[in-house]
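**Q** Here's a structure for you.
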Amino acid sequence: MQIKKIETLITSPGPNYLVVKIITNDGIIGYGDACLDGRTLAVKSVIDDYLSDWLQGYDVDRIEDIWQMVYRGTYWRGGPVILGALAGIDMALWDIKAKRANLPLYSLLGGKSRDKVRVYHHVHGQTDEKLIDRCHKKIEEGITYLRYSFDTEDPFKKDVFFKQPHQDVELGRIEVTDAKNEGQWDSAAYAEDLIRVTRMLREKLPPEISILHDVHGRLSGVEAARVAKELEKYNLFFLEDPVDHMNKKALKHIKNNSIIPVAIGELYNTIYDCSELIVNQLVDYIRVDISHFGGITPLVKLARLAEVYGVKTAFHGPSDISPLAHAAMLHVDMTVPNLGIQESVNFNKQIMDIFDTGYYLEEGYLKIKDRPGLGVIVNEDEAKNYPYQRKYMPILRDKMGALHNW
Ligand code: KDG
Ligand code: MG
């Protein structure tokens, strides 16, 4: 069976979602997710202008070979744009393979290691009261793992707030429509507030509720090591991206100075970018993003490598990747023995009307319906109602006006 056609479609029922559609010569359709927040059109161009003609006629069964061809055969390797395009194609090919076998994808990956997958959701509060309130709402929904974020008031200037732009995606999108609207940042104030808010949450929430925080690469090595040491006593499930993902040596500093579980990964694009962290056990949870990492094929390889070194998975699952990506990760989560947790979101109604997900949330766990393939039904007519919207990623600047990680 051969690839007859590769198409892309963009739908924007909130975030811009880029969907890859592969049609085989005998009419089977596979879908994949190639979303890349803020660079959607660049990924679309790689697929439409470089890959779709080239891959026409290839045997759909040869997923690994097609993956190697696109990754190594094109000579210029790496980066989220190319790996995003490859992810969409890889997911669509796995969708086809499992549909042909009339099996849910996890069955081809080794079968179930568990019946359901534990998830964490985001909670954000501009004030302590709002944050606690939001936590209670989530706990009522059955969510027991909460990733918190908060606004920090400038200690020197009343009514100026340092906002964490990766905040609770259910309450507001990350992208901005005005790129010139830049935010302010002060790491010292944030670090103190992080310690204070964590203490407050631990005091006010029941002890069985797990809390975790995403630093989003905003601290330096020494700042992060100090914070990690302070937070040790509050029993965090993990501290995510405590430093910039390329500052790998700083993770050693953090590990040498605290026993806090560390999670990192959403900005790595290949296994070659992060395998040393696993092998040297500088990370406890590896949390790459399937849509920026080349799809299911490398995700499974990474999970297997992590298993050997006792590292768990906690794949990146924000709302800026579509339910197709969430479903694909869930199939991997179902099968790997070393699942830690899955980041997840409640998608809004417009998104759910386009993507009939094939999975559902029940008492804080995701469960999968045993549909063939990824199990997601894509309503293309509905998708057309939401055309592409131009959006940018946020920008933060420190008090001297220099750019800061957000
Ligand atoms: O588009 C960027 C988001 O995917 C990212 O900021 C979300 O850090 C994030 C997370 O852990 O969900
Ligand atoms: Mg993150």
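Every chain in the structure tokens takes a letter, A first, then B, and so on in the order presented; its residues are numbered from 1, and the ligands are numbered from 1 following the presented order.
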Please produce, as JSON lines, a per-residue contact table for chain A versus ligand 2 (criterion: any atom at most 10 Å away, only C-alpha atoms and all ligand atoms considered), showing the nearest atom pair and its distance in Å to one decimal, sorted by chain then residue number.
**A**
```
{"residue": "A:Arg147", "atom": "CA", "partner": "ligand 2", "partner_atom_place_in_ligand_line": "1 (Mg)", "distance": 9.8}
{"residue": "A:His166", "atom": "CA", "partner": "ligand 2", "partner_atom_place_in_ligand_line": "1 (Mg)", "distance": 7.3}
{"residue": "A:Gln167", "atom": "CA", "partner": "ligand 2", "partner_atom_place_in_ligand_line": "1 (Mg)", "distance": 9.6}
{"residue": "A:His213", "atom": "CA", "partner": "ligand 2", "partner_atom_place_in_ligand_line": "1 (Mg)", "distance": 8.8}
{"residue": "A:Asp214", "atom": "CA", "partner": "ligand 2", "partner_atom_place_in_ligand_line": "1 (Mg)", "distance": 5.5}
{"residue": "A:Val215", "atom": "CA", "partner": "ligand 2", "partner_atom_place_in_ligand_line": "1 (Mg)", "distance": 7.6}
{"residue": "A:His216", "atom": "CA", "partner": "ligand 2", "partner_atom_place_in_ligand_line": "1 (Mg)", "distance": 5.5}
{"residue": "A:Gly217", "atom": "CA", "partner": "ligand 2", "partner_atom_place_in_ligand_line": "1 (Mg)", "distance": 8.6}
{"residue": "A:Leu239", "atom": "CA", "partner": "ligand 2", "partner_atom_place_in_ligand_line": "1 (Mg)", "distance": 9.9}
{"residue": "A:Glu240", "atom": "CA", "partner": "ligand 2", "partner_atom_place_in_ligand_line": "1 (Mg)", "distance": 6.5}
{"residue": "A:Asp241", "atom": "CA", "partner": "ligand 2", "partner_atom_place_in_ligand_line": "1 (Mg)", "distance": 6.6}
{"residue": "A:Pro242", "atom": "CA", "partner": "ligand 2", "partner_atom_place_in_ligand_line": "1 (Mg)", "distance": 9.9}
{"residue": "A:Ala263", "atom": "CA", "partner": "ligand 2", "partner_atom_place_in_ligand_line": "1 (Mg)", "distance": 9.0}
{"residue": "A:Ile264", "atom": "CA", "partner": "ligand 2", "partner_atom_place_in_ligand_line": "1 (Mg)", "distance": 7.8}
{"residue": "A:Gly265", "atom": "CA", "partner": "ligand 2", "partner_atom_place_in_ligand_line": "1 (Mg)", "distance": 8.1}
{"residue": "A:Glu266", "atom": "CA", "partner": "ligand 2", "partner_atom_place_in_ligand_line": "1 (Mg)", "distance": 6.3}
{"residue": "A:Leu267", "atom": "CA", "partner": "ligand 2", "partner_atom_place_in_ligand_line": "1 (Mg)", "distance": 8.6}
{"residue": "A:Arg287", "atom": "CA", "partner": "ligand 2", "partner_atom_place_in_ligand_line": "1 (Mg)", "distance": 8.5}
{"residue": "A:Val288", "atom": "CA", "partner": "ligand 2", "partner_atom_place_in_ligand_line": "1 (Mg)", "distance": 9.5}
{"residue": "A:Asp289", "atom": "CA", "partner": "ligand 2", "partner_atom_place_in_ligand_line": "1 (Mg)", "distance": 9.7}
{"residue": "A:Phe315", "atom": "CA", "partner": "ligand 2", "partner_atom_place_in_ligand_line": "1 (Mg)", "distance": 9.8}
{"residue": "A:His316", "atom": "CA", "partner": "ligand 2", "partner_atom_place_in_ligand_line": "1 (Mg)", "distance": 6.9}
{"residue": "A:Gly317", "atom": "CA", "partner": "ligand 2", "partner_atom_place_in_ligand_line": "1 (Mg)", "distance": 8.9}
{"residue": "A:Pro318", "atom": "CA", "partner": "ligand 2", "partner_atom_place_in_ligand_line": "1 (Mg)", "distance": 8.2}
{"residue": "A:Glu343", "atom": "CA", "partner": "ligand 2", "partner_atom_place_in_ligand_line": "1 (Mg)", "distance": 9.4}
```
**Q** May I have the residues within 8 Å of Leu109 (chain A) as an mmCIF file with all heavy atoms, in the first residue's frame, using only C-alpha atoms and disregarding those fewer than 4 positions away in the same chain?
**A**
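So the final result, stored in result-v9.cif, reads:
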```cif
data_model
loop_
_atom_site.group_PDB
_atom_site.id
_atom_site.type_symbol
_atom_site.label_atom_id
_atom_site.label_comp_id
_atom_site.auth_asym_id
_atom_site.auth_seq_id
_atom_site.Cartn_x
_atom_site.Cartn_y
_atom_site.Cartn_z
ATOM 1 N N LEU A 105 -3.851 1.907 18.363
ATOM 2 C CA LEU A 105 -2.402 2.018 18.195
ATOM 3 C C LEU A 105 -1.611 1.340 19.320
ATOM 4 O O LEU A 105 -0.614 0.661 19.068
ATOM 5 C CB LEU A 105 -2.012 3.497 18.085
ATOM 6 C CG LEU A 105 -0.517 3.761 18.059
ATOM 7 C CD1 LEU A 105 0.126 3.211 16.800
ATOM 8 C CD2 LEU A 105 -0.229 5.248 18.193
ATOM 9 N N VAL A 332 0.992 5.902 23.644
ATOM 10 C CA VAL A 332 2.340 5.565 24.135
ATOM 11 C C VAL A 332 2.294 5.417 25.664
ATOM 12 O O VAL A 332 2.833 4.453 26.227
ATOM 13 C CB VAL A 332 3.375 6.639 23.692
ATOM 14 C CG1 VAL A 332 4.761 6.313 24.242
ATOM 15 C CG2 VAL A 332 3.403 6.755 22.163
ATOM 16 N N THR A 335 1.174 2.105 26.983
ATOM 17 C CA THR A 335 1.991 0.904 26.785
ATOM 18 C C THR A 335 3.327 0.913 27.516
ATOM 19 O O THR A 335 3.807 -0.128 27.934
ATOM 20 C CB THR A 335 2.164 0.629 25.261
ATOM 21 O OG1 THR A 335 2.798 -0.614 25.104
ATOM 22 C CG2 THR A 335 2.932 1.702 24.566
#
```
**Q** Show which residues sit within 12 Å of Asn405 (chain A), as number ranges by chain. Count only C-alpha atoms, and ignore same-chain residues fewer than 6 positions away.
**A** A: 164-166, 183-187, 215-220, 241-245, 393-398
**Q** List the spatial neighbours of Arg39 (chain A) as a ChimeraX atom specification - criterion: any atom at most 12 Å away, only C-alpha atoms, same-chain residues fewer than 4 positions off excluded.
**A** /A:15-18,34-35,43-46,79-82,84-85,175,292,320,388-393
**Q** Quick one: of A:Tyr106, A:Tyr360, A:Phe355, A:Phe238, who's nearest to ligand 1, counting only C-alpha atoms and all ligand atoms?
**A**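 So, comparing all the options, the nearest one is A:Phe238.
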